[in-house]
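Structure record follows, encoded as structure tokens.
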Amino acid sequence: QLQLVESGGGLVQPGGSLRLSCAASGFTLDYYAIGWFRQAPGKEREGVSCISRSDGISDYTDSVKGRFTISRDNTKNTVYLQMNSLKPEDTGVYYCAAVRPRYGQFRQCTLSVEYTRWGQGTQVTVSS
């Protein structure tokens with residue numbers, strides 16, 4: 001079965017940190033760019049960060065720049081999202097997703113393409 005599984009969510013106080021993991025099973029992440037998305041209650045899903053298939057090129061939405069770091073460990077078939085200095089507005093369900101980039105786009109990523117494989121999400125709540 002081909003799936004992505006997120007973990008690492010939870011309840012944290014403002015200013016705290018969490019590290020989310022996105023593990024693939026049934027397929028290898030080596031050939032995919034990976035994105036992290038989130039959806040807050042009553043809001044549309046938004047892109048948070050992505051990492052390219054090759055060379056770990058990353059991008060972030062403005063609201064998380066300098067606080068979040070995306071990384072990948074292909075030996076563990078896992079992508080991570082380190083979240084520091086968390087704010088209440090970071091609250092939401094976080095999803096990871098994978099897309100196989102076209103030839104010539106291995107060293108770039110974007111949150112605006114259609115990602116083809118999605119995890120089930122993990123809840124992040126930032127509250128005092």
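So you can find residues: chains in the structure tokens are A, B, ... in the order shown, residues in each start at 1, and ligands are numbered from 1 in order.
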Do a neighbour search on stretch 5-7 of chain A at 7 Å with only C-alpha atoms, toss out local chain neighbours closer than 3 positions, and write the hits as a ChimeraX atom specification. /A:20-24,95-96,119-122
Close residues, stretch 14-17 of chain A itself excluded, 12 Å, only C-alpha atoms, min 6 positions apart in chain, as a VMD selection string: chain A and resid 8 67 to 69 81 to 91 124 to 128
Please save N, CA, C and O atoms of the selected residues as a CSV table (one decimal), in the first residue's frame.
chain,number,residue,atom,x,y,z
A,8,GLY,N,4.1,13.5,14.9
A,8,GLY,CA,4.8,14.5,15.6
A,8,GLY,C,4.0,15.7,16.0
A,8,GLY,O,4.5,16.6,16.7
A,67,ARG,N,11.4,30.5,10.9
A,67,ARG,CA,10.9,29.7,12.1
A,67,ARG,C,10.8,28.3,11.7
A,67,ARG,O,11.1,27.4,12.6
A,68,PHE,N,10.5,27.9,10.5
A,68,PHE,CA,10.3,26.5,10.1
A,68,PHE,C,11.5,26.1,9.2
A,68,PHE,O,12.0,26.9,8.4
A,69,THR,N,11.9,24.8,9.3
A,69,THR,CA,12.9,24.3,8.4
A,69,THR,C,12.4,22.9,8.0
A,69,THR,O,12.1,22.1,8.8
A,81,LEU,N,9.6,18.5,9.2
A,81,LEU,CA,9.4,19.9,9.3
A,81,LEU,C,9.6,20.3,10.7
A,81,LEU,O,8.9,20.0,11.6
A,82,GLN,N,10.7,21.0,10.9
A,82,GLN,CA,11.1,21.6,12.3
A,82,GLN,C,10.4,22.9,12.4
A,82,GLN,O,10.6,23.8,11.6
A,83,MET,N,9.6,23.0,13.4
A,83,MET,CA,8.8,24.2,13.7
A,83,MET,C,9.2,24.8,15.0
A,83,MET,O,9.0,24.2,16.1
A,84,ASN,N,9.8,26.0,14.9
A,84,ASN,CA,10.2,26.7,16.1
A,84,ASN,C,9.4,28.0,16.3
A,84,ASN,O,8.8,28.5,15.4
A,85,SER,N,9.5,28.6,17.5
A,85,SER,CA,8.8,29.9,17.8
A,85,SER,C,7.4,29.8,17.3
A,85,SER,O,6.9,30.7,16.6
A,86,LEU,N,6.7,28.8,17.7
A,86,LEU,CA,5.3,28.6,17.2
A,86,LEU,C,4.4,29.6,17.8
A,86,LEU,O,4.5,30.1,18.9
A,87,LYS,N,3.4,29.9,17.0
A,87,LYS,CA,2.4,31.0,17.3
A,87,LYS,C,1.0,30.3,17.2
A,87,LYS,O,0.8,29.3,16.5
A,88,PRO,N,0.1,30.9,17.9
A,88,PRO,CA,-1.3,30.4,17.9
A,88,PRO,C,-1.8,30.3,16.4
A,88,PRO,O,-2.6,29.3,16.1
A,89,GLU,N,-1.4,31.2,15.6
A,89,GLU,CA,-1.9,31.1,14.2
A,89,GLU,C,-1.3,30.0,13.4
A,89,GLU,O,-1.7,29.7,12.2
A,90,ASP,N,-0.3,29.2,14.0
A,90,ASP,CA,0.2,28.0,13.3
A,90,ASP,C,-0.7,26.8,13.6
A,90,ASP,O,-0.4,25.7,13.0
A,91,THR,N,-1.7,27.0,14.4
A,91,THR,CA,-2.6,25.9,14.7
A,91,THR,C,-3.3,25.4,13.4
A,91,THR,O,-3.8,26.2,12.6
A,124,VAL,N,-1.7,20.1,15.0
A,124,VAL,CA,-0.8,20.9,15.7
A,124,VAL,C,-1.7,22.0,16.4
A,124,VAL,O,-2.4,22.7,15.7
A,125,THR,N,-1.6,22.1,17.7
A,125,THR,CA,-2.3,23.1,18.4
A,125,THR,C,-1.3,23.9,19.2
A,125,THR,O,-0.6,23.4,20.0
A,126,VAL,N,-1.3,25.2,19.0
A,126,VAL,CA,-0.5,26.2,19.7
A,126,VAL,C,-1.3,27.0,20.6
A,126,VAL,O,-2.1,27.9,20.1
A,127,SER,N,-1.2,26.8,21.9
A,127,SER,CA,-2.1,27.5,22.8
A,127,SER,C,-1.5,27.5,24.2
A,127,SER,O,-0.8,26.5,24.6
A,128,SER,N,-1.8,28.5,25.0
A,128,SER,CA,-1.3,28.6,26.4
A,128,SER,C,-2.4,28.1,27.3
A,128,SER,O,-2.2,28.0,28.5
Give me, please, the distance in Å between atom CA of A:Ser49 and atom CA of A:Leu111, quoted to one decimal.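 The value is 7.1 Å.
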List as a CSV table (one decimal) with C-alpha atoms, in the first residue's frame the protein and nucleic acid residues near A:Gly47, meaning an atom at most 7 Å away when only C-alpha atoms are counted, but skip any in the same chain fewer than 4 places from it.
chain,number,residue,atom,x,y,z
A,36,TRP,CA,3.8,20.5,3.8
A,37,PHE,CA,0.4,22.1,3.9
A,38,ARG,CA,-1.9,23.1,6.8
A,61,THR,CA,5.4,30.7,2.8
A,111,LEU,CA,3.5,24.7,-3.5
Which of chain A DSSP labels strand (DSSP E or B), written as number ranges by chain: A: 3-7, 10-12, 18-25, 33-39, 46-51, 58-60, 68-73, 78-83, 92-99, 117-119, 122-126
Near A:Gln105, counting only C-alpha atoms, which residues have an atom at most 10 Å away, once you skip same-chain residues fewer than 5 positions from it, shown as a PDB file with C-alpha atoms, in the first residue's frame?
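To be explicit, this is the file written out as part-v2.pdb:
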ATOM      1  CA  ALA A  33       9.370  16.760  -4.230  1.00  0.00           C
ATOM      2  CA  SER A  52      12.965  19.606  -4.042  1.00  0.00           C
ATOM      3  CA  ARG A  53      13.683  16.112  -5.239  1.00  0.00           C
ATOM      4  CA  SER A  54      17.413  16.842  -5.556  1.00  0.00           C
ATOM      5  CA  ARG A 100       6.979  13.691  -8.979  1.00  0.00           C
TER       6      ARG A 100
END
Out of A:Ser112, A:Gly35, A:Glu46, A:Tyr94, which residue has the shortest atom-to-atom distance to A:Ile70 when counting only C-alpha atoms? A:Gly35
Could you pull the residues within 10 Å of A:Gly56, counting only C-alpha atoms, minus those fewer than 4 positions along the same chain, as number ranges by chain? A: 33, 50-52, 70-73, 106-109
Measuring between only C-alpha atoms, which one of A:Ala98, A:Leu11, A:Ile57, A:Leu18 shows the shortest distance to A:Glu114?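 Selected residue with least distance to A:Glu114: A:Ala98.
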To one decimal place in Å, what is the distance between atom CA of A:Trp118 and atom CA of A:Gln39? 13.5 Å
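The gap separating atom CA of A:Glu44 from atom CA of A:Ser63 is 15.4 Å, in Å to one decimal.
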What parts of stretch 13-91 of chain A does DSSP call helix (DSSP H, G or I)? I'd like the answer as a PDB file with all heavy atoms, in the first residue's frame.
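The result, stored in selection-v4.pdb:
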ATOM      1  N   LEU A  29      10.687   8.036  -1.528  1.00  0.00           N
ATOM      2  CA  LEU A  29      10.551   9.479  -1.689  1.00  0.00           C
ATOM      3  C   LEU A  29      11.647  10.082  -2.562  1.00  0.00           C
ATOM      4  O   LEU A  29      11.580  11.263  -2.896  1.00  0.00           O
ATOM      5  CB  LEU A  29      10.567  10.157  -0.315  1.00  0.00           C
ATOM      6  CG  LEU A  29       9.323   9.962   0.562  1.00  0.00           C
ATOM      7  CD1 LEU A  29       9.504  10.696   1.874  1.00  0.00           C
ATOM      8  CD2 LEU A  29       8.077  10.413  -0.160  1.00  0.00           C
ATOM      9  N   ASP A  30      12.654   9.285  -2.923  1.00  0.00           N
ATOM     10  CA  ASP A  30      13.778   9.808  -3.694  1.00  0.00           C
ATOM     11  C   ASP A  30      13.351  10.538  -4.957  1.00  0.00           C
ATOM     12  O   ASP A  30      14.021  11.481  -5.383  1.00  0.00           O
ATOM     13  CB  ASP A  30      14.714   8.654  -4.107  1.00  0.00           C
ATOM     14  CG  ASP A  30      15.413   8.016  -2.933  1.00  0.00           C
ATOM     15  OD1 ASP A  30      14.867   8.074  -1.820  1.00  0.00           O
ATOM     16  OD2 ASP A  30      16.510   7.467  -3.133  1.00  0.00           O
ATOM     17  N   TYR A  31      12.254  10.105  -5.561  1.00  0.00           N
ATOM     18  CA  TYR A  31      11.857  10.637  -6.862  1.00  0.00           C
ATOM     19  C   TYR A  31      10.841  11.771  -6.762  1.00  0.00           C
ATOM     20  O   TYR A  31      10.314  12.225  -7.780  1.00  0.00           O
ATOM     21  CB  TYR A  31      11.274   9.511  -7.719  1.00  0.00           C
ATOM     22  CG  TYR A  31      12.224   8.362  -7.900  1.00  0.00           C
ATOM     23  CD1 TYR A  31      11.977   7.118  -7.319  1.00  0.00           C
ATOM     24  CD2 TYR A  31      13.401   8.520  -8.638  1.00  0.00           C
ATOM     25  CE1 TYR A  31      12.861   6.067  -7.477  1.00  0.00           C
ATOM     26  CE2 TYR A  31      14.282   7.462  -8.799  1.00  0.00           C
ATOM     27  CZ  TYR A  31      14.004   6.247  -8.208  1.00  0.00           C
ATOM     28  OH  TYR A  31      14.878   5.205  -8.364  1.00  0.00           O
ATOM     29  N   ASP A  62       5.640  33.019   3.495  1.00  0.00           N
ATOM     30  CA  ASP A  62       6.252  34.125   4.232  1.00  0.00           C
ATOM     31  C   ASP A  62       6.035  34.044   5.738  1.00  0.00           C
ATOM     32  O   ASP A  62       6.929  34.412   6.519  1.00  0.00           O
ATOM     33  CB  ASP A  62       5.702  35.453   3.710  1.00  0.00           C
ATOM     34  CG  ASP A  62       6.259  35.819   2.339  1.00  0.00           C
ATOM     35  OD1 ASP A  62       7.248  35.185   1.911  1.00  0.00           O
ATOM     36  OD2 ASP A  62       5.700  36.721   1.701  1.00  0.00           O
ATOM     37  N   SER A  63       4.885  33.566   6.155  1.00  0.00           N
ATOM     38  CA  SER A  63       4.552  33.589   7.585  1.00  0.00           C
ATOM     39  C   SER A  63       5.403  32.646   8.432  1.00  0.00           C
ATOM     40  O   SER A  63       5.419  32.770   9.659  1.00  0.00           O
ATOM     41  CB  SER A  63       3.069  33.273   7.790  1.00  0.00           C
ATOM     42  OG  SER A  63       2.782  31.968   7.333  1.00  0.00           O
ATOM     43  N   VAL A  64       6.112  31.713   7.795  1.00  0.00           N
ATOM     44  CA  VAL A  64       6.913  30.756   8.573  1.00  0.00           C
ATOM     45  C   VAL A  64       8.408  30.902   8.299  1.00  0.00           C
ATOM     46  O   VAL A  64       9.211  30.203   8.936  1.00  0.00           O
ATOM     47  CB  VAL A  64       6.475  29.300   8.307  1.00  0.00           C
ATOM     48  CG1 VAL A  64       4.981  29.152   8.508  1.00  0.00           C
ATOM     49  CG2 VAL A  64       6.896  28.802   6.942  1.00  0.00           C
ATOM     50  N   PRO A  88       0.060  30.924  17.922  1.00  0.00           N
ATOM     51  CA  PRO A  88      -1.309  30.375  17.853  1.00  0.00           C
ATOM     52  C   PRO A  88      -1.833  30.265  16.428  1.00  0.00           C
ATOM     53  O   PRO A  88      -2.581  29.323  16.123  1.00  0.00           O
ATOM     54  CB  PRO A  88      -2.106  31.378  18.681  1.00  0.00           C
ATOM     55  CG  PRO A  88      -1.125  31.906  19.670  1.00  0.00           C
ATOM     56  CD  PRO A  88       0.169  31.995  18.916  1.00  0.00           C
ATOM     57  N   GLU A  89      -1.423  31.154  15.564  1.00  0.00           N
ATOM     58  CA  GLU A  89      -1.904  31.102  14.178  1.00  0.00           C
ATOM     59  C   GLU A  89      -1.276  29.956  13.379  1.00  0.00           C
ATOM     60  O   GLU A  89      -1.673  29.732  12.225  1.00  0.00           O
ATOM     61  CB  GLU A  89      -1.658  32.437  13.467  1.00  0.00           C
ATOM     62  CG  GLU A  89      -0.243  32.960  13.569  1.00  0.00           C
ATOM     63  CD  GLU A  89      -0.090  33.982  14.694  1.00  0.00           C
ATOM     64  OE1 GLU A  89      -0.634  33.760  15.807  1.00  0.00           O
ATOM     65  OE2 GLU A  89       0.623  34.992  14.466  1.00  0.00           O
ATOM     66  N   ASP A  90      -0.345  29.240  13.951  1.00  0.00           N
ATOM     67  CA  ASP A  90       0.190  28.036  13.304  1.00  0.00           C
ATOM     68  C   ASP A  90      -0.688  26.810  13.558  1.00  0.00           C
ATOM     69  O   ASP A  90      -0.427  25.737  12.998  1.00  0.00           O
ATOM     70  CB  ASP A  90       1.605  27.735  13.804  1.00  0.00           C
ATOM     71  CG  ASP A  90       2.610  28.804  13.429  1.00  0.00           C
ATOM     72  OD1 ASP A  90       2.572  29.276  12.274  1.00  0.00           O
ATOM     73  OD2 ASP A  90       3.427  29.168  14.286  1.00  0.00           O
TER      74      ASP A  90
END
